[in-house]
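Asker: What follows is the file start.cif, containing mmCIF, C-alpha atoms:
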```cif
data_start
loop_
_atom_site.label_atom_id
_atom_site.label_comp_id
_atom_site.auth_asym_id
_atom_site.auth_seq_id
_atom_site.Cartn_x
_atom_site.Cartn_y
_atom_site.Cartn_z
CA MET O 1 123.57 60.12 130.87
CA ALA O 2 124.10 62.64 128.05
CA LYS O 3 121.97 65.75 128.14
CA LEU O 4 119.49 65.99 125.29
CA ASN O 5 119.75 69.01 123.03
CA LEU O 6 116.16 70.25 123.02
CA LYS O 7 116.86 73.59 121.37
CA LEU O 8 114.83 74.04 118.20
CA ILE O 9 115.59 76.57 115.49
CA ARG O 10 113.20 79.53 115.56
CA ASN O 11 112.72 81.08 112.13
CA LYS O 12 109.97 82.03 109.69
CA GLU O 13 109.15 78.41 108.91
CA SER O 14 108.82 77.44 112.59
CA LEU O 15 106.39 80.34 113.18
CA LEU O 16 104.29 79.51 110.11
CA SER O 17 104.10 75.86 111.18
CA LYS O 18 102.24 76.99 114.32
CA LYS O 19 99.52 78.71 112.27
CA LYS O 20 96.80 76.22 111.36
CA HIS O 21 94.45 78.54 109.43
CA SER O 22 95.61 78.84 105.82
CA GLY O 23 94.53 82.49 105.58
CA THR O 24 96.43 83.40 108.76
CA LYS O 25 99.50 81.55 107.55
CA SER O 26 99.34 83.36 104.20
CA ASN O 27 99.07 86.77 105.92
CA TYR O 28 102.09 86.09 108.15
CA ASP O 29 104.09 84.82 105.19
CA SER O 30 103.24 87.93 103.16
CA THR O 31 104.18 90.27 106.03
CA ILE O 32 107.51 88.58 106.73
CA ASN O 33 108.34 88.55 103.01
CA ASN O 34 107.56 92.27 102.91
CA PHE O 35 109.95 92.89 105.82
CA GLU O 36 112.65 90.77 104.20
CA ASN O 37 112.27 92.69 100.92
CA PHE O 38 112.74 95.92 102.87
CA CYS O 39 115.83 94.50 104.59
CA MET O 40 117.28 93.36 101.28
CA GLU O 41 116.88 96.84 99.80
CA LYS O 42 118.10 98.66 102.92
CA PHE O 43 120.84 96.36 104.23
CA GLY O 44 121.58 93.93 101.40
CA LYS O 45 120.43 90.98 103.51
CA ALA O 46 116.96 89.46 103.87
CA ASP O 47 117.10 87.93 107.38
CA ILE O 48 118.61 90.48 109.77
CA ILE O 49 116.96 89.27 113.00
CA ASP O 50 120.17 87.88 114.52
CA ASP O 51 121.92 91.16 113.65
CA LEU O 52 119.10 93.16 115.25
CA LYS O 53 119.55 91.26 118.53
CA LYS O 54 123.04 92.78 118.84
CA ASN O 55 121.65 96.32 118.69
CA THR O 56 120.03 98.53 121.33
CA ASP O 57 116.26 98.75 121.71
CA GLU O 58 116.35 102.25 120.20
CA GLU O 59 118.21 101.01 117.12
CA ILE O 60 115.76 98.12 116.69
CA LEU O 61 112.83 100.54 116.86
CA ASP O 62 114.53 102.79 114.29
CA VAL O 63 114.70 99.86 111.86
CA ILE O 64 111.05 99.04 112.47
CA GLN O 65 110.07 102.68 111.93
CA ALA O 66 112.00 102.67 108.64
CA TRP O 67 110.05 99.56 107.62
CA ILE O 68 106.75 101.23 108.53
CA ASN O 69 107.73 104.25 106.40
CA TYR O 70 108.72 101.88 103.58
CA ASN O 71 105.08 100.77 103.44
CA ASP O 72 103.68 104.30 103.60
CA SER O 73 101.67 103.85 100.39
CA LEU O 74 99.54 101.14 102.02
CA ASN O 75 96.31 101.74 103.93
CA PRO O 76 97.04 102.72 107.58
CA ASN O 77 94.93 99.79 108.86
CA THR O 78 96.91 97.42 106.66
CA ILE O 79 100.18 98.70 108.11
CA ILE O 80 98.89 98.30 111.68
CA ASN O 81 97.83 94.71 110.95
CA MET O 82 101.21 93.99 109.37
CA PHE O 83 103.00 95.45 112.39
CA SER O 84 100.91 93.29 114.73
CA ARG O 85 102.04 90.18 112.84
CA MET O 86 105.63 91.44 112.64
CA LYS O 87 105.71 92.04 116.40
CA LYS O 88 104.74 88.40 117.02
CA TYR O 89 107.38 87.23 114.55
CA LEU O 90 110.07 89.28 116.29
CA HIS O 91 108.95 87.90 119.65
CA HIS O 92 109.15 84.38 118.20
CA ARG O 93 112.73 85.13 117.12
CA GLY O 94 113.72 86.53 120.53
CA ILE O 95 113.11 90.29 120.14
CA LYS O 96 110.54 91.43 122.70
CA LEU O 97 109.23 94.96 122.20
CA HIS O 98 107.89 96.81 125.25
CA PRO O 99 104.36 98.22 124.75
CA GLN O 100 105.37 101.62 126.14
CA ASP O 101 108.31 101.83 123.73
CA ILE O 102 105.98 101.03 120.82
CA LYS O 103 103.56 103.72 121.96
CA GLU O 104 106.22 106.40 122.47
CA GLU O 105 108.71 105.63 119.70
CA LEU O 106 106.77 104.40 116.66
CA GLU O 107 104.67 106.64 114.44
CA PHE O 108 101.80 105.34 112.32
CA ARG O 109 99.75 107.34 109.85
CA HIS O 110 96.22 108.03 111.04
CA ASN O 111 93.52 106.20 109.17
CA ILE O 112 91.30 108.40 107.00
CA THR O 113 87.72 107.18 107.15
CA GLU O 114 86.01 107.47 103.81
CA GLU O 115 82.26 107.28 103.28
CA LEU O 116 82.01 103.75 101.90
CA HIS O 117 80.21 103.16 98.63
CA PRO O 118 76.91 101.26 99.04
CA LEU O 119 76.69 98.68 96.26
CA THR O 120 73.25 98.67 94.62
CA THR O 121 71.24 95.96 92.91
CA LYS O 122 71.49 97.83 89.59
CA GLU O 123 75.29 97.95 89.87
CA ILE O 124 75.46 94.24 90.62
CA GLN O 125 73.29 93.57 87.56
CA ARG O 126 75.65 95.58 85.35
CA ILE O 127 78.70 93.83 86.80
CA ILE O 128 77.53 90.22 86.57
CA ASN O 129 76.12 90.72 83.06
CA GLU O 130 79.73 91.08 81.90
CA MET O 131 80.95 87.93 83.65
CA ARG O 132 81.22 84.31 82.66
CA HIS O 133 78.48 82.13 84.16
CA ARG O 134 80.70 80.62 86.88
CA HIS O 135 81.86 84.00 88.15
CA ARG O 136 78.34 85.43 87.92
CA VAL O 137 77.05 82.63 90.15
CA GLN O 138 79.92 83.15 92.59
CA PHE O 139 79.14 86.81 93.21
CA ILE O 140 75.38 86.21 93.46
CA CYS O 141 76.10 83.46 95.99
CA GLN O 142 78.43 85.74 97.95
CA SER O 143 75.96 88.62 98.15
CA SER O 144 73.12 86.35 99.29
CA SER O 145 75.17 84.35 101.81
CA LEU O 146 77.09 87.32 103.32
CA MET O 147 80.34 85.34 103.04
CA ARG O 148 83.82 86.79 102.91
CA ILE O 149 85.69 86.30 99.64
CA GLY O 150 88.23 84.14 101.47
CA GLU O 151 85.44 81.86 102.63
CA ILE O 152 83.51 81.47 99.40
CA VAL O 153 86.64 80.49 97.43
CA GLN O 154 87.29 77.71 99.97
CA ILE O 155 83.86 76.04 100.14
CA ARG O 156 83.59 72.55 98.68
CA LYS O 157 80.56 70.58 97.54
CA ARG O 158 80.61 68.55 100.79
CA HIS O 159 79.97 71.77 102.74
CA LEU O 160 76.53 72.16 101.15
CA ILE O 161 73.16 70.73 102.19
CA LEU O 162 70.84 70.48 99.19
CA ASP O 163 67.59 69.33 100.86
CA HIS O 164 65.88 72.75 100.74
CA ASN O 165 65.05 75.23 98.01
CA ASN O 166 67.68 77.40 99.64
CA ILE O 167 71.05 75.64 99.70
CA LEU O 168 72.52 75.56 103.22
CA VAL O 169 76.25 76.18 103.58
CA LYS O 170 78.01 74.61 106.57
CA LEU O 171 81.19 76.65 106.86
CA PRO O 172 83.81 74.70 108.85
CA ALA O 173 85.88 76.55 111.44
CA THR O 174 89.05 75.89 109.42
CA ILE O 175 88.07 78.36 106.68
CA THR O 176 86.32 81.14 108.64
CA LYS O 177 88.03 84.33 109.78
CA PHE O 178 87.58 83.76 113.52
CA SER O 179 87.86 79.94 113.33
CA LYS O 180 84.22 79.52 114.31
CA ALA O 181 81.95 77.22 112.31
CA ARG O 182 78.62 78.65 111.15
CA THR O 183 75.69 78.10 108.81
CA THR O 184 74.62 80.46 106.07
CA PHE O 185 72.33 80.22 103.05
CA PHE O 186 72.23 80.89 99.34
CA SER O 187 69.10 82.62 98.07
CA LYS O 188 66.72 80.59 95.92
CA GLU O 189 67.94 82.62 92.96
CA ALA O 190 71.56 81.67 93.69
CA SER O 191 70.62 78.06 94.48
CA VAL O 192 68.85 77.57 91.14
CA LEU O 193 71.91 78.89 89.29
CA LEU O 194 74.33 76.78 91.32
CA ARG O 195 72.68 73.34 91.26
CA PRO O 196 73.58 72.49 87.61
CA MET O 197 77.23 73.35 88.36
CA LEU O 198 77.27 71.01 91.37
CA LYS O 199 76.31 67.98 89.24
CA LYS O 200 79.74 68.13 87.60
CA LEU O 201 81.65 68.25 90.91
CA ASP O 202 82.84 65.63 93.36
CA ASP O 203 82.23 66.14 97.07
CA ASP O 204 85.77 67.37 97.76
CA ASP O 205 85.98 69.75 94.78
CA LEU O 206 86.19 73.49 95.32
CA ILE O 207 83.03 75.15 94.00
CA PHE O 208 84.39 78.60 93.16
CA GLY O 209 88.03 78.56 94.24
CA SER O 210 90.48 78.70 91.33
CA ASN O 211 93.38 77.53 93.50
CA GLU O 212 93.93 75.53 96.68
CA ASP O 213 96.02 78.48 97.90
CA VAL O 214 93.34 80.78 99.33
CA HIS O 215 95.43 83.91 98.79
CA LEU O 216 95.84 83.16 95.09
CA ALA O 217 92.14 82.29 94.75
CA GLU O 218 91.14 85.59 96.40
CA THR O 219 93.49 87.54 94.15
CA ASN O 220 92.08 85.85 91.06
CA SER O 221 88.50 86.80 92.04
CA GLU O 222 89.58 90.38 92.70
CA GLN O 223 91.25 90.60 89.29
CA ILE O 224 88.17 89.22 87.53
CA LEU O 225 86.02 91.85 89.23
CA THR O 226 88.52 94.64 88.53
CA ARG O 227 88.59 93.89 84.80
CA VAL O 228 84.80 94.13 84.64
CA LEU O 229 84.73 97.38 86.65
CA GLU O 230 87.22 98.94 84.24
CA LYS O 231 85.25 97.73 81.24
CA ILE O 232 81.88 99.13 82.33
CA GLY O 233 83.13 102.32 83.97
CA LEU O 234 82.34 101.47 87.60
CA ASN O 235 86.00 101.95 88.46
CA GLU O 236 85.87 104.91 90.84
CA ARG O 237 88.48 104.88 93.60
CA TYR O 238 88.74 106.32 97.09
CA GLU O 239 91.00 109.37 97.28
CA SER O 240 92.70 108.31 100.52
CA ASN O 241 94.00 104.91 99.44
CA ASN O 242 93.27 104.63 95.68
CA ARG O 243 91.27 101.44 96.21
CA TYR O 244 88.25 100.66 94.08
CA LYS O 245 84.98 101.78 95.66
CA ILE O 246 83.45 98.50 94.48
CA ASN O 247 85.42 95.42 95.50
CA THR O 248 84.82 91.82 96.53
CA HIS O 249 83.92 92.95 100.05
CA SER O 250 81.16 95.15 98.61
CA PHE O 251 79.08 92.07 97.75
CA ARG O 252 79.23 90.81 101.34
CA ALA O 253 78.39 94.32 102.59
CA PHE O 254 75.40 94.42 100.22
CA GLY O 255 73.95 91.30 101.85
CA ILE O 256 74.70 92.40 105.41
CA THR O 257 73.08 95.80 104.79
CA ALA O 258 69.95 94.31 103.22
CA LEU O 259 69.38 91.72 105.96
CA SER O 260 70.35 94.04 108.84
CA ARG O 261 67.46 96.34 108.00
CA HIS O 262 65.12 93.56 109.13
CA ASP O 263 67.07 91.39 111.59
CA PRO O 264 70.53 92.70 112.59
CA ASN O 265 71.29 89.71 114.82
CA LEU O 266 70.58 87.17 112.08
CA ALA O 267 72.68 89.19 109.63
CA LYS O 268 75.62 89.15 112.04
CA LYS O 269 75.10 85.48 112.85
CA ILE O 270 75.22 84.21 109.27
CA ALA O 271 77.91 86.75 108.30
CA GLY O 272 80.18 85.50 111.08
CA GLN O 273 80.29 88.81 112.95
CA LYS O 274 80.40 89.07 116.73
CA ILE O 275 77.08 89.51 118.54
CA TYR O 276 76.64 90.89 122.06
CA LEU O 277 75.77 87.90 124.29
CA GLY O 278 75.67 85.83 121.09
CA GLU O 279 76.22 82.59 123.01
CA TYR O 280 72.69 83.00 124.43
CA ASP O 281 71.03 83.69 121.07
CA ARG O 282 70.74 80.13 119.80
CA MET O 283 68.70 79.23 116.71
CA ASN O 284 68.65 75.97 114.82
CA ASP O 285 69.08 75.92 111.05
CA GLU O 286 65.34 75.66 110.39
CA ASP O 287 64.60 78.75 112.48
CA LYS O 288 67.38 80.75 110.84
CA LEU O 289 66.22 79.72 107.37
CA ALA O 290 62.62 80.70 108.18
CA VAL O 291 63.72 84.23 109.11
CA TYR O 292 66.09 84.42 106.14
CA GLU O 293 63.27 83.48 103.74
CA LYS O 294 61.04 86.26 105.11
CA TYR O 295 63.49 88.92 103.90
CA GLU O 296 65.15 87.05 101.07
CA SER O 297 63.60 89.22 98.34
CA ASP O 298 65.95 92.08 99.33
CA LEU O 299 68.92 89.85 98.45
CA ILE O 300 67.70 88.84 94.98
CA ILE O 301 69.51 90.45 92.04
CA ASP O 302 67.43 89.57 88.97
CA ASP O 303 64.39 91.86 88.64
CA THR O 304 62.04 89.08 87.49
CA ALA O 305 63.13 86.76 90.28
CA LYS O 306 62.73 89.61 92.80
CA LEU O 307 59.16 90.30 91.70
CA LYS O 308 58.34 86.60 91.89
CA ALA O 309 59.82 86.34 95.40
CA GLU O 310 57.96 89.42 96.60
#
```
What does this structure look like when you write it as C-alpha cells?

Answerer:
Amino acid sequence: MAKLNLKLIRNKESLLSKKKHSGTKSNYDSTINNFENFCMEKFGKADIIDDLKKNTDEEILDVIQAWINYNDSLNPNTIINMFSRMKKYLHHRGIKLHPQDIKEELEFRHNITEELHPLTTKEIQRIINEMRHRHRVQFICQSSSLMRIGEIVQIRKRHLILDHNNILVKLPATITKFSKARTTFFSKEASVLLRPMLKKLDDDDLIFGSNEDVHLAETNSEQILTRVLEKIGLNERYESNNRYKINTHSFRAFGITALSRHDPNLAKKIAGQKIYLGEYDRMNDEDKLAVYEKYESDLIIDDTAKLKAE
C-alpha cells in the first residue's frame, strides 16, 4: 500500500487560516507584510524564511534585529506586539527561537510612559458638533458603552436588544478582543439618537462599520476623527510617539473612567477587561443595567440631557 503524503505547505496563508478572529488575522497579516517589505528592501526578496533556515541562529537573530531597527519609528509596545506575532510565524515556518537567545541577543527600545490625556465632556461636545450625524452617534455610543473601536465597527442590528430605554448590546465572542462574549449598554441619550437609524437597517447590517474588513473600518473611523481634531485645533500629540492625544481609544477611556469612579467592577465587566476572580462575580443583564442607570448621567454628553438625567 502506497504511503500517503501528509506533508502540508506551511506559509503565511496556512498560518492565517488558523486564526479565526478577523482582528487577529488582520494583525498577523499586517506584521508579516511589514517583515516582507523589510526583506524586499534589504535582500531584494519578500519571503526569505527558507533562506534563513540555512543560516546560523546568530545570523537569524541579526536579521530579526535589523527588522526591529527598521521599525524604530513605531511605538515600543507596537514593536513588541509585532515581534510576538513574528516569532509565532517563524515557529510556524520551522524557525524556533530560544527564549534565552531572544533575551540576550535582541534589543528593544524601552517604552516611554506619557501622562495620558483625559478626554472631557466639553471636548467631546466640540468634536461631535463637527461630525455628520452617523459619526456623531457612533462616538456617543462608544463613550457610553465602553466599547473598543474594533468592536463598535463590527456590531450589527441583530446584536442589539431594544426592549429597554437603554439599548442592550450583546457582543459575540467572535468580535471581542479576548474572544469572550459580553453585554454592554448604550446610554439613553445614545439610544434615542440611534433608534431612527436602526429603522433603515436589516438585522445583519453593520450599524457603524464602513467596511466588512474590520481593519479598514477602524482606519476610516480614525481618519474621520483626525480630520475633525485638525479642524478644531484639538490636535496635540504626544512627544514620545507623535500620536494624537485624543484618539478613538479616548472615547472608550472616557466611559471607563466615568463608570469606574462609582463601580470599578461593573466598568471592567462591560468594557471587557479582566477582573480578579471575575468568574465568581456574576450579574444578570437586569442587575447590570440597574447599576449602570444609577451612574449613567456621568456618561451623557449633551448638557440638557445630562441635567434631565441628573

Asker: Suppose you want the space between atom CA of His164 of chain O and atom CA of Ser187 of chain O; what is it in Å?

Answerer: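 Atom-to-atom, atom CA of His164 of chain O to atom CA of Ser187 of chain O, that is 10.7 Å.
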
Asker: Check which residues satisfy the PyMOL selection byres ((chain O and resi 272) around 10) in the file shown, then give them as a PyMOL selection string.

Answerer: chain O and resi 146-148+171+176-184+266-271+273-275

Asker: Next, dump the selected residues to file, keeping only C-alpha atoms, as a compact mmCIF listing (two decimals), in the coordinates of the input.

Answerer:
```
# COMPACT_ATOMS: atom_id res chain seq x y z
CA LEU O 146 77.09 87.32 103.32
CA MET O 147 80.34 85.34 103.04
CA ARG O 148 83.82 86.79 102.91
CA LEU O 171 81.19 76.65 106.86
CA THR O 176 86.32 81.14 108.64
CA LYS O 177 88.03 84.33 109.78
CA PHE O 178 87.58 83.76 113.52
CA SER O 179 87.86 79.94 113.33
CA LYS O 180 84.22 79.52 114.31
CA ALA O 181 81.95 77.22 112.31
CA ARG O 182 78.62 78.65 111.15
CA THR O 183 75.69 78.10 108.81
CA THR O 184 74.62 80.46 106.07
CA LEU O 266 70.58 87.17 112.08
CA ALA O 267 72.68 89.19 109.63
CA LYS O 268 75.62 89.15 112.04
CA LYS O 269 75.10 85.48 112.85
CA ILE O 270 75.22 84.21 109.27
CA ALA O 271 77.91 86.75 108.30
CA GLN O 273 80.29 88.81 112.95
CA LYS O 274 80.40 89.07 116.73
CA ILE O 275 77.08 89.51 118.54
```

Asker: Would you work out the distance separating atom CA of Val214 of chain O from atom CA of Thr113 of chain O, expressed in Å to one decimal?

Answerer: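 So the answer is 28.1 Å.
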
Asker: Pick out the closest residue to Arg93 of chain O from this set: O:Asn235, O:Ser14, O:Asn34, O:Ser250. Count all atoms listed in the file.

Answerer: O:Ser14

Asker: Please determine the residues with any atom at most 12 Å from (78.3, 84.5, 86.1) (coordinates as given in the file, with only C-alpha atoms counting) and report them as a PDB file with C-alpha atoms, in the frame of the given file.

Answerer:
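To be explicit, this is the file written out as selection_15.pdb:
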```pdb
ATOM      1  CA  ILE O 124      75.460  94.240  90.620  1.00  0.00           C
ATOM      2  CA  GLN O 125      73.290  93.570  87.560  1.00  0.00           C
ATOM      3  CA  ARG O 126      75.650  95.580  85.350  1.00  0.00           C
ATOM      4  CA  ILE O 127      78.700  93.830  86.800  1.00  0.00           C
ATOM      5  CA  ILE O 128      77.530  90.220  86.570  1.00  0.00           C
ATOM      6  CA  ASN O 129      76.120  90.720  83.060  1.00  0.00           C
ATOM      7  CA  GLU O 130      79.730  91.080  81.900  1.00  0.00           C
ATOM      8  CA  MET O 131      80.950  87.930  83.650  1.00  0.00           C
ATOM      9  CA  ARG O 132      81.220  84.310  82.660  1.00  0.00           C
ATOM     10  CA  HIS O 133      78.480  82.130  84.160  1.00  0.00           C
ATOM     11  CA  ARG O 134      80.700  80.620  86.880  1.00  0.00           C
ATOM     12  CA  HIS O 135      81.860  84.000  88.150  1.00  0.00           C
ATOM     13  CA  ARG O 136      78.340  85.430  87.920  1.00  0.00           C
ATOM     14  CA  VAL O 137      77.050  82.630  90.150  1.00  0.00           C
ATOM     15  CA  GLN O 138      79.920  83.150  92.590  1.00  0.00           C
ATOM     16  CA  PHE O 139      79.140  86.810  93.210  1.00  0.00           C
ATOM     17  CA  ILE O 140      75.380  86.210  93.460  1.00  0.00           C
ATOM     18  CA  CYS O 141      76.100  83.460  95.990  1.00  0.00           C
ATOM     19  CA  GLN O 142      78.430  85.740  97.950  1.00  0.00           C
ATOM     20  CA  ALA O 190      71.560  81.670  93.690  1.00  0.00           C
ATOM     21  CA  LEU O 193      71.910  78.890  89.290  1.00  0.00           C
ATOM     22  CA  LEU O 194      74.330  76.780  91.320  1.00  0.00           C
ATOM     23  CA  MET O 197      77.230  73.350  88.360  1.00  0.00           C
ATOM     24  CA  PHE O 208      84.390  78.600  93.160  1.00  0.00           C
ATOM     25  CA  ILE O 224      88.170  89.220  87.530  1.00  0.00           C
ATOM     26  CA  LEU O 225      86.020  91.850  89.230  1.00  0.00           C
ATOM     27  CA  VAL O 228      84.800  94.130  84.640  1.00  0.00           C
TER      28      VAL O 228
END
```

Asker: With the PyMOL selection byres ((chain O and resi 99-107) around 12) as the selection, what would be picked from this file? Answer as a VMD selection string, please.

Answerer: chain O and resid 57 to 69 72 76 79 to 80 83 to 84 87 96 to 98 108 to 110

Asker: Decode the PyMOL selection byres ((chain O and resi 165) around 10) for the given file into explicit residues and return them as a list in words.

Answerer: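 What the PyMOL selection byres ((chain O and resi 165) around 10) grabs from the file is Leu162, Asp163, His164, Asn166, Ile167, Leu168, Phe186, Ser187, Lys188, Glu189, Ser191 and Val192 of chain O.
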
Asker: Any idea what the distance is between atom CA of Ile9 of chain O and atom CA of Thr31 of chain O?

Answerer: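 That distance, rounded to one decimal, is 20.2 Å.
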
Asker: Would you kindly place N, CA, C and O atoms on segment 141-160 of chain O and return the model as a compact mmCIF listing (two decimals), keeping the file's coordinate frame?

Answerer:
```txt
# COMPACT_ATOMS: atom_id res chain seq x y z
N CYS O 141 76.05 84.28 94.77
CA CYS O 141 76.10 83.46 95.99
C CYS O 141 76.72 84.23 97.15
O CYS O 141 76.24 84.17 98.28
N GLN O 142 77.77 84.98 96.87
CA GLN O 142 78.43 85.74 97.95
C GLN O 142 77.51 86.80 98.53
O GLN O 142 77.40 86.95 99.74
N SER O 143 76.82 87.55 97.66
CA SER O 143 75.96 88.62 98.15
C SER O 143 74.77 88.09 98.93
O SER O 143 74.28 88.74 99.86
N SER O 144 74.29 86.89 98.59
CA SER O 144 73.12 86.35 99.29
C SER O 144 73.49 85.57 100.55
O SER O 144 72.66 85.38 101.43
N SER O 145 74.74 85.14 100.65
CA SER O 145 75.17 84.35 101.81
C SER O 145 75.95 85.17 102.82
O SER O 145 76.24 84.71 103.93
N LEU O 146 76.35 86.41 102.45
CA LEU O 146 77.09 87.32 103.32
C LEU O 146 78.48 86.78 103.66
O LEU O 146 79.06 87.11 104.69
N MET O 147 79.02 85.94 102.80
CA MET O 147 80.34 85.34 103.04
C MET O 147 81.47 86.28 102.65
O MET O 147 81.33 87.11 101.76
N ARG O 148 82.59 86.12 103.31
CA ARG O 148 83.82 86.79 102.91
C ARG O 148 84.36 86.12 101.65
O ARG O 148 84.12 84.94 101.42
N ILE O 149 85.14 86.87 100.86
CA ILE O 149 85.69 86.30 99.64
C ILE O 149 86.60 85.12 99.96
O ILE O 149 86.63 84.11 99.25
N GLY O 150 87.34 85.23 101.07
CA GLY O 150 88.23 84.14 101.47
C GLY O 150 87.51 82.88 101.89
O GLY O 150 88.09 81.79 101.91
N GLU O 151 86.24 83.02 102.26
CA GLU O 151 85.44 81.86 102.63
C GLU O 151 84.80 81.22 101.42
O GLU O 151 84.84 80.00 101.26
N ILE O 152 84.24 82.05 100.53
CA ILE O 152 83.51 81.47 99.40
C ILE O 152 84.45 80.76 98.42
O ILE O 152 84.06 79.80 97.76
N VAL O 153 85.71 81.18 98.33
CA VAL O 153 86.64 80.49 97.43
C VAL O 153 87.17 79.20 98.05
O VAL O 153 87.89 78.44 97.39
N GLN O 154 86.82 78.94 99.32
CA GLN O 154 87.29 77.71 99.97
C GLN O 154 86.19 76.68 100.17
O GLN O 154 86.48 75.55 100.59
N ILE O 155 84.92 77.03 99.90
CA ILE O 155 83.86 76.04 100.14
C ILE O 155 83.92 74.94 99.08
O ILE O 155 84.24 75.18 97.92
N ARG O 156 83.61 73.74 99.53
CA ARG O 156 83.59 72.55 98.68
C ARG O 156 82.16 71.99 98.65
O ARG O 156 81.33 72.33 99.48
N LYS O 157 81.91 71.12 97.70
CA LYS O 157 80.56 70.58 97.54
C LYS O 157 80.09 69.90 98.82
O LYS O 157 78.91 69.98 99.18
N ARG O 158 81.00 69.26 99.56
CA ARG O 158 80.61 68.55 100.79
C ARG O 158 80.16 69.51 101.90
O ARG O 158 79.61 69.06 102.91
N HIS O 159 80.40 70.80 101.74
CA HIS O 159 79.97 71.77 102.74
C HIS O 159 78.52 72.20 102.55
O HIS O 159 77.99 72.97 103.36
N LEU O 160 77.88 71.73 101.47
CA LEU O 160 76.53 72.16 101.15
C LEU O 160 75.49 71.11 101.53
O LEU O 160 75.73 69.91 101.44
```
